[in-house]
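Q: Structure: model09.txt, compact mmCIF, N, CA and C atoms.
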```txt
# COMPACT_ATOMS: atom_id res chain seq x y z
N MET A 160 91.40 39.71 -177.11
CA MET A 160 90.30 39.97 -176.20
C MET A 160 89.10 40.49 -176.98
N GLU A 161 89.38 41.32 -178.00
CA GLU A 161 88.30 41.88 -178.80
C GLU A 161 87.53 40.79 -179.53
N LYS A 162 88.26 39.79 -180.04
CA LYS A 162 87.60 38.68 -180.75
C LYS A 162 86.69 37.91 -179.80
N LEU A 163 87.17 37.67 -178.58
CA LEU A 163 86.37 36.96 -177.59
C LEU A 163 85.11 37.76 -177.28
N HIS A 164 85.25 39.07 -177.13
CA HIS A 164 84.10 39.92 -176.85
C HIS A 164 83.08 39.85 -177.99
N GLN A 165 83.58 39.87 -179.24
CA GLN A 165 82.69 39.76 -180.39
C GLN A 165 81.99 38.41 -180.42
N LEU A 166 82.74 37.35 -180.08
CA LEU A 166 82.18 36.00 -180.09
C LEU A 166 81.03 35.88 -179.11
N VAL A 167 81.16 36.49 -177.94
CA VAL A 167 80.12 36.42 -176.93
C VAL A 167 78.83 37.06 -177.47
N HIS A 168 78.96 38.19 -178.15
CA HIS A 168 77.76 38.86 -178.66
C HIS A 168 77.17 38.12 -179.85
N GLU A 169 78.01 37.55 -180.70
CA GLU A 169 77.52 36.83 -181.86
C GLU A 169 76.86 35.51 -181.48
N ASP A 170 77.34 34.89 -180.41
CA ASP A 170 76.86 33.58 -180.01
C ASP A 170 75.92 33.68 -178.81
N GLU A 171 74.92 34.56 -178.93
CA GLU A 171 73.98 34.72 -177.84
C GLU A 171 73.29 33.39 -177.54
N PHE A 172 72.91 33.23 -176.30
CA PHE A 172 72.28 32.00 -175.85
C PHE A 172 70.95 31.80 -176.56
N GLN A 173 70.84 30.68 -177.27
CA GLN A 173 69.58 30.32 -177.92
C GLN A 173 69.39 28.83 -177.77
N LEU A 174 68.19 28.44 -177.46
CA LEU A 174 67.90 27.02 -177.41
C LEU A 174 67.72 26.51 -178.83
N THR A 175 68.44 25.46 -179.17
CA THR A 175 68.31 24.90 -180.51
C THR A 175 67.12 23.95 -180.56
N ALA A 176 66.75 23.38 -179.44
CA ALA A 176 65.59 22.50 -179.34
C ALA A 176 65.10 22.58 -177.89
N PRO A 177 63.83 22.35 -177.67
CA PRO A 177 63.35 22.37 -176.28
C PRO A 177 64.00 21.24 -175.49
N PRO A 178 64.22 21.46 -174.19
CA PRO A 178 64.81 20.39 -173.37
C PRO A 178 63.91 19.16 -173.36
N ASP A 179 64.53 17.99 -173.39
CA ASP A 179 63.71 16.78 -173.35
C ASP A 179 63.27 16.52 -171.92
N PRO A 180 62.16 15.80 -171.72
CA PRO A 180 61.62 15.57 -170.37
C PRO A 180 62.61 14.87 -169.44
N MET A 181 63.43 13.96 -169.96
CA MET A 181 64.39 13.25 -169.11
C MET A 181 65.46 14.20 -168.56
N SER A 182 65.85 15.18 -169.35
CA SER A 182 66.83 16.17 -168.87
C SER A 182 66.24 16.97 -167.72
N GLU A 183 64.99 17.30 -167.82
CA GLU A 183 64.35 18.06 -166.75
C GLU A 183 64.21 17.22 -165.49
N VAL A 184 63.93 15.93 -165.63
CA VAL A 184 63.88 15.03 -164.48
C VAL A 184 65.25 14.96 -163.81
N PHE A 185 66.30 14.88 -164.64
CA PHE A 185 67.67 14.86 -164.16
C PHE A 185 67.97 16.12 -163.34
N LEU A 186 67.67 17.29 -163.90
CA LEU A 186 67.95 18.55 -163.22
C LEU A 186 67.11 18.68 -161.95
N GLN A 187 65.89 18.21 -161.98
CA GLN A 187 65.04 18.25 -160.78
C GLN A 187 65.67 17.42 -159.66
N ALA A 188 66.19 16.25 -160.00
CA ALA A 188 66.84 15.40 -158.99
C ALA A 188 68.08 16.09 -158.44
N VAL A 189 68.82 16.77 -159.29
CA VAL A 189 70.01 17.51 -158.84
C VAL A 189 69.61 18.60 -157.87
N LEU A 190 68.58 19.35 -158.21
CA LEU A 190 68.14 20.44 -157.33
C LEU A 190 67.63 19.91 -156.00
N GLU A 191 66.98 18.78 -156.01
CA GLU A 191 66.52 18.17 -154.75
C GLU A 191 67.71 17.74 -153.90
N ASP A 192 68.77 17.24 -154.55
CA ASP A 192 69.98 16.86 -153.81
C ASP A 192 70.67 18.07 -153.19
N MET A 193 70.53 19.23 -153.81
CA MET A 193 71.18 20.44 -153.30
C MET A 193 70.60 20.87 -151.96
N VAL A 194 69.39 20.46 -151.66
CA VAL A 194 68.74 20.86 -150.41
C VAL A 194 69.51 20.32 -149.21
N ASP A 195 70.00 19.07 -149.32
CA ASP A 195 70.76 18.48 -148.22
C ASP A 195 72.20 18.95 -148.28
N PRO A 196 72.69 19.56 -147.20
CA PRO A 196 74.07 20.04 -147.23
C PRO A 196 75.06 18.86 -147.32
N GLN A 197 76.08 19.06 -148.12
CA GLN A 197 77.11 18.04 -148.29
C GLN A 197 78.26 18.30 -147.30
N PRO A 198 78.83 17.25 -146.73
CA PRO A 198 79.97 17.47 -145.82
C PRO A 198 81.17 17.99 -146.60
N LYS A 199 82.01 18.76 -145.92
CA LYS A 199 83.22 19.29 -146.56
C LYS A 199 84.18 18.13 -146.80
N ARG A 200 84.73 18.11 -148.01
CA ARG A 200 85.67 17.04 -148.38
C ARG A 200 86.87 17.67 -149.08
N PRO A 201 87.97 16.93 -149.11
CA PRO A 201 89.11 17.44 -149.89
C PRO A 201 88.71 17.56 -151.36
N LEU A 202 89.25 18.55 -152.04
CA LEU A 202 88.91 18.79 -153.42
C LEU A 202 90.07 18.44 -154.34
N GLN A 203 89.73 18.03 -155.54
CA GLN A 203 90.72 17.76 -156.59
C GLN A 203 90.26 18.53 -157.82
N CYS A 204 91.18 19.24 -158.43
CA CYS A 204 90.83 20.00 -159.63
C CYS A 204 90.82 19.07 -160.84
N VAL A 205 89.80 19.22 -161.66
CA VAL A 205 89.68 18.47 -162.91
C VAL A 205 89.50 19.47 -164.03
N THR A 206 90.27 19.32 -165.08
CA THR A 206 90.13 20.20 -166.23
C THR A 206 89.18 19.56 -167.22
N VAL A 207 88.18 20.30 -167.63
CA VAL A 207 87.22 19.82 -168.61
C VAL A 207 87.35 20.70 -169.84
N LYS A 208 87.69 20.09 -170.96
CA LYS A 208 87.81 20.86 -172.19
C LYS A 208 86.51 20.74 -172.98
N MET A 209 86.04 21.87 -173.47
CA MET A 209 84.84 21.88 -174.31
C MET A 209 84.97 23.04 -175.29
N PRO A 210 84.23 22.97 -176.38
CA PRO A 210 84.28 24.09 -177.33
C PRO A 210 83.85 25.39 -176.64
N LEU A 211 84.51 26.48 -177.00
CA LEU A 211 84.24 27.77 -176.36
C LEU A 211 82.76 28.16 -176.39
N PRO A 212 82.05 28.02 -177.52
CA PRO A 212 80.63 28.40 -177.49
C PRO A 212 79.82 27.58 -176.47
N ALA A 213 80.11 26.29 -176.34
CA ALA A 213 79.40 25.46 -175.36
C ALA A 213 79.74 25.91 -173.94
N TYR A 214 81.01 26.24 -173.71
CA TYR A 214 81.42 26.71 -172.39
C TYR A 214 80.71 28.02 -172.04
N LEU A 215 80.71 28.96 -172.97
CA LEU A 215 80.07 30.24 -172.71
C LEU A 215 78.57 30.08 -172.48
N ARG A 216 77.95 29.20 -173.23
CA ARG A 216 76.52 28.93 -173.06
C ARG A 216 76.25 28.36 -171.68
N MET A 217 77.07 27.37 -171.26
CA MET A 217 76.90 26.77 -169.94
C MET A 217 77.11 27.81 -168.85
N LYS A 218 78.13 28.65 -169.01
CA LYS A 218 78.44 29.66 -168.00
C LYS A 218 77.29 30.65 -167.86
N ARG A 219 76.75 31.12 -168.99
CA ARG A 219 75.62 32.07 -168.92
C ARG A 219 74.39 31.43 -168.29
N ALA A 220 74.10 30.20 -168.66
CA ALA A 220 72.92 29.52 -168.11
C ALA A 220 73.08 29.31 -166.61
N ALA A 221 74.28 28.94 -166.16
CA ALA A 221 74.52 28.73 -164.73
C ALA A 221 74.41 30.04 -163.96
N GLN A 222 74.98 31.11 -164.51
CA GLN A 222 74.93 32.41 -163.83
C GLN A 222 73.50 32.92 -163.70
N LYS A 223 72.67 32.59 -164.69
CA LYS A 223 71.28 33.02 -164.65
C LYS A 223 70.59 32.53 -163.38
N TRP A 224 70.99 31.34 -162.90
CA TRP A 224 70.36 30.73 -161.72
C TRP A 224 71.27 30.80 -160.50
N ASN A 225 72.26 31.70 -160.55
CA ASN A 225 73.18 31.91 -159.43
C ASN A 225 73.95 30.63 -159.08
N LEU A 226 74.36 29.90 -160.10
CA LEU A 226 75.20 28.72 -159.94
C LEU A 226 76.54 29.01 -160.59
N THR A 227 77.53 28.20 -160.29
CA THR A 227 78.79 28.30 -161.02
C THR A 227 78.82 27.15 -162.01
N TYR A 228 79.63 27.30 -163.05
CA TYR A 228 79.72 26.20 -164.00
C TYR A 228 80.36 24.97 -163.37
N THR A 229 81.14 25.17 -162.30
CA THR A 229 81.68 24.04 -161.55
C THR A 229 80.55 23.25 -160.91
N ASP A 230 79.53 23.95 -160.40
CA ASP A 230 78.35 23.27 -159.85
C ASP A 230 77.71 22.39 -160.91
N VAL A 231 77.54 22.93 -162.11
CA VAL A 231 76.89 22.19 -163.19
C VAL A 231 77.68 20.92 -163.51
N ILE A 232 78.99 21.04 -163.63
CA ILE A 232 79.84 19.88 -163.92
C ILE A 232 79.77 18.87 -162.78
N ASN A 233 79.81 19.35 -161.54
CA ASN A 233 79.71 18.44 -160.39
C ASN A 233 78.37 17.71 -160.37
N PHE A 234 77.28 18.43 -160.63
CA PHE A 234 75.96 17.81 -160.64
C PHE A 234 75.90 16.69 -161.66
N CYS A 235 76.40 16.98 -162.85
CA CYS A 235 76.37 15.97 -163.92
C CYS A 235 77.20 14.76 -163.53
N THR A 236 78.36 14.99 -162.98
CA THR A 236 79.24 13.89 -162.58
C THR A 236 78.58 13.03 -161.51
N GLN A 237 77.98 13.67 -160.52
CA GLN A 237 77.34 12.92 -159.44
C GLN A 237 76.23 12.02 -159.95
N ARG A 238 75.55 12.43 -161.00
CA ARG A 238 74.45 11.64 -161.55
C ARG A 238 74.92 10.58 -162.53
N VAL A 239 75.96 10.87 -163.30
CA VAL A 239 76.37 9.97 -164.37
C VAL A 239 77.27 8.84 -163.87
N VAL A 240 78.14 9.10 -162.91
CA VAL A 240 79.08 8.07 -162.45
C VAL A 240 78.38 6.81 -161.95
N PRO A 241 77.32 6.90 -161.13
CA PRO A 241 76.64 5.66 -160.73
C PRO A 241 76.09 4.86 -161.91
N ILE A 242 75.65 5.56 -162.95
CA ILE A 242 75.15 4.87 -164.14
C ILE A 242 76.30 4.17 -164.84
N LEU A 243 77.46 4.84 -164.91
CA LEU A 243 78.64 4.22 -165.54
C LEU A 243 79.14 3.01 -164.74
N GLU A 244 78.97 3.06 -163.43
CA GLU A 244 79.41 1.95 -162.59
C GLU A 244 78.56 0.70 -162.79
N SER A 245 77.28 0.88 -163.02
CA SER A 245 76.41 -0.28 -163.23
C SER A 245 75.30 0.05 -164.23
N PRO A 246 75.66 0.16 -165.51
CA PRO A 246 74.66 0.50 -166.53
C PRO A 246 73.73 -0.68 -166.80
N SER A 247 72.59 -0.38 -167.40
CA SER A 247 71.66 -1.45 -167.76
C SER A 247 71.02 -1.12 -169.11
N GLY A 248 70.41 -2.12 -169.70
CA GLY A 248 69.65 -1.93 -170.93
C GLY A 248 70.47 -1.40 -172.09
N GLN A 249 69.86 -0.50 -172.83
CA GLN A 249 70.47 0.07 -174.03
C GLN A 249 71.76 0.82 -173.70
N VAL A 250 71.81 1.49 -172.54
CA VAL A 250 73.01 2.22 -172.14
C VAL A 250 74.18 1.24 -171.98
N ALA A 251 73.95 0.10 -171.36
CA ALA A 251 75.00 -0.90 -171.19
C ALA A 251 75.50 -1.39 -172.54
N THR A 252 74.59 -1.64 -173.46
CA THR A 252 74.97 -2.10 -174.80
C THR A 252 75.81 -1.05 -175.51
N MET A 253 75.39 0.20 -175.46
CA MET A 253 76.13 1.27 -176.13
C MET A 253 77.51 1.47 -175.50
N LEU A 254 77.58 1.43 -174.18
CA LEU A 254 78.88 1.58 -173.51
C LEU A 254 79.81 0.43 -173.86
N GLU A 255 79.29 -0.79 -173.91
CA GLU A 255 80.11 -1.94 -174.27
C GLU A 255 80.64 -1.81 -175.70
N GLN A 256 79.78 -1.36 -176.60
CA GLN A 256 80.21 -1.15 -177.99
C GLN A 256 81.31 -0.09 -178.06
N HIS A 257 81.15 0.98 -177.30
CA HIS A 257 82.17 2.04 -177.27
C HIS A 257 83.50 1.51 -176.73
N ARG A 258 83.43 0.70 -175.68
CA ARG A 258 84.63 0.13 -175.08
C ARG A 258 85.34 -0.78 -176.07
N VAL A 259 84.60 -1.65 -176.75
CA VAL A 259 85.19 -2.59 -177.71
C VAL A 259 85.83 -1.83 -178.87
N GLU A 260 85.13 -0.82 -179.39
CA GLU A 260 85.68 -0.03 -180.49
C GLU A 260 86.96 0.69 -180.06
N GLY A 261 87.00 1.19 -178.85
CA GLY A 261 88.20 1.84 -178.33
C GLY A 261 89.36 0.88 -178.21
N GLU A 262 89.08 -0.33 -177.74
CA GLU A 262 90.14 -1.34 -177.63
C GLU A 262 90.65 -1.75 -179.00
N GLN A 263 89.75 -1.84 -179.98
CA GLN A 263 90.16 -2.19 -181.34
C GLN A 263 91.07 -1.11 -181.93
N LYS A 264 90.71 0.14 -181.74
CA LYS A 264 91.54 1.24 -182.24
C LYS A 264 92.91 1.23 -181.57
N LYS A 265 92.93 0.96 -180.27
CA LYS A 265 94.19 0.92 -179.53
C LYS A 265 95.07 -0.22 -180.05
N ALA A 266 94.47 -1.38 -180.32
CA ALA A 266 95.22 -2.52 -180.85
C ALA A 266 95.76 -2.21 -182.24
N GLN A 267 94.96 -1.54 -183.07
CA GLN A 267 95.42 -1.17 -184.41
C GLN A 267 96.59 -0.20 -184.34
N ARG A 268 96.51 0.79 -183.46
CA ARG A 268 97.63 1.74 -183.29
C ARG A 268 98.88 1.02 -182.82
N SER A 269 98.71 0.12 -181.89
CA SER A 269 99.85 -0.64 -181.36
C SER A 269 100.49 -1.49 -182.46
N LEU A 270 99.67 -2.12 -183.27
CA LEU A 270 100.18 -2.95 -184.37
C LEU A 270 100.94 -2.09 -185.38
N ARG A 271 100.38 -0.92 -185.72
CA ARG A 271 101.06 -0.01 -186.65
C ARG A 271 102.41 0.43 -186.08
N LEU A 272 102.44 0.74 -184.79
CA LEU A 272 103.68 1.17 -184.15
C LEU A 272 104.72 0.05 -184.17
N LYS A 273 104.29 -1.18 -183.88
CA LYS A 273 105.20 -2.32 -183.91
C LYS A 273 105.73 -2.55 -185.32
N THR A 274 104.85 -2.40 -186.31
CA THR A 274 105.25 -2.58 -187.71
C THR A 274 106.27 -1.53 -188.11
N ARG A 275 106.06 -0.29 -187.70
CA ARG A 275 107.01 0.79 -188.01
C ARG A 275 108.35 0.53 -187.34
N ARG A 276 108.31 0.11 -186.09
CA ARG A 276 109.57 -0.17 -185.37
C ARG A 276 110.32 -1.32 -186.05
N ALA A 277 109.59 -2.35 -186.44
CA ALA A 277 110.23 -3.50 -187.08
C ALA A 277 110.85 -3.09 -188.41
N SER A 278 110.14 -2.27 -189.19
CA SER A 278 110.67 -1.86 -190.49
C SER A 278 111.86 -0.92 -190.33
N SER A 279 111.84 -0.05 -189.32
CA SER A 279 112.97 0.86 -189.11
C SER A 279 114.18 0.09 -188.58
N SER A 280 113.97 -0.91 -187.75
CA SER A 280 115.12 -1.69 -187.26
C SER A 280 115.70 -2.53 -188.38
N THR A 281 114.88 -2.96 -189.31
CA THR A 281 115.38 -3.71 -190.48
C THR A 281 116.25 -2.80 -191.34
N LEU A 282 115.87 -1.56 -191.48
CA LEU A 282 116.67 -0.61 -192.26
C LEU A 282 118.03 -0.40 -191.61
N PHE A 283 118.07 -0.31 -190.28
CA PHE A 283 119.34 -0.12 -189.59
C PHE A 283 120.22 -1.36 -189.72
N ASP A 284 119.61 -2.55 -189.74
CA ASP A 284 120.37 -3.78 -189.89
C ASP A 284 121.01 -3.88 -191.27
N LEU A 285 120.36 -3.33 -192.27
CA LEU A 285 120.89 -3.38 -193.63
C LEU A 285 122.10 -2.47 -193.80
N LYS A 286 122.22 -1.44 -193.00
CA LYS A 286 123.33 -0.50 -193.13
C LYS A 286 124.52 -1.06 -192.49
```
Show how you would write the structure in this file as structure tokens.
A:
Amino acid sequence: MEKLHQLVHEDEFQLTAPPDPMSEVFLQAVLEDMVDPQPKRPLQCVTVKMPLPAYLRMKRAAQKWNLTYTDVINFCTQRVVPILESPSGQVATMLEQHRVEGEQKKAQRSLRLKTRRASSSTLFDLK
């Protein structure tokens, strides 16, 4: 607990760069959406893992404006998912490249696993 307390003081909130204009447009749209009350819906818990300094920074920034970090994660999700569903332009190209690279890595892992299984079964056949 003492280490965590020290970490909080050592890692005080500092902006490393000014926010870009698009981020501010994004947050403005989120705040405008907050004006309209949302109907109550069933909830599902989602665990989001992030480095502790990033988590603490997000938590402090959210508390400053009387928000919870869950609000921040929900806001981001509500804005990003529609873009992921139908991306365009450079974002679509980058997402496609990411998808292809992921599939290639998965195929390479699968091939390595098959090769290992084949070589281990050959060893058992020799005995």
Q: Could you jot down the atom CA of A:Thr236 to atom CA of A:Val189 separation for me, Å, one decimal place?
A: 10.6 Å
Q: If you run DSSP on the backbone, which residues of stretch 195-245 of chain A are alpha helix (DSSP H), as a PyMOL selection string?
A: chain A and resi 211-223+228-244
Q: Padding 4 Å on every side, please: axis-aligned box over the listed atoms of stretch 181-197 of chain A, centre and edge lengths to one decimal in Å, as JSON.
A:
```
{"center_x": 70.8, "center_y": 17.1, "center_z": -158.6, "size_x": 22.8, "size_y": 15.6, "size_z": 30.8}
```
Q: With distances taken over only C-alpha atoms, which residue among A:Arg219, A:Arg276, A:Lys264, A:Arg238 lies nearest A:Ser182?
A: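 Selected residue with least distance to A:Ser182: A:Arg238.
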Q: By how many Å are atom N of A:Ala266 and atom N of A:Pro246 apart?
A: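 Atom N of A:Pro246 lies 24.0 Å from atom N of A:Ala266.
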Q: Find the distance between atom C of A:Ala221 and atom CA of A:Arg200 and write it in Å to one decimal.
A: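 Separating atom C of A:Ala221 from atom CA of A:Arg200 is a distance of 23.2 Å.
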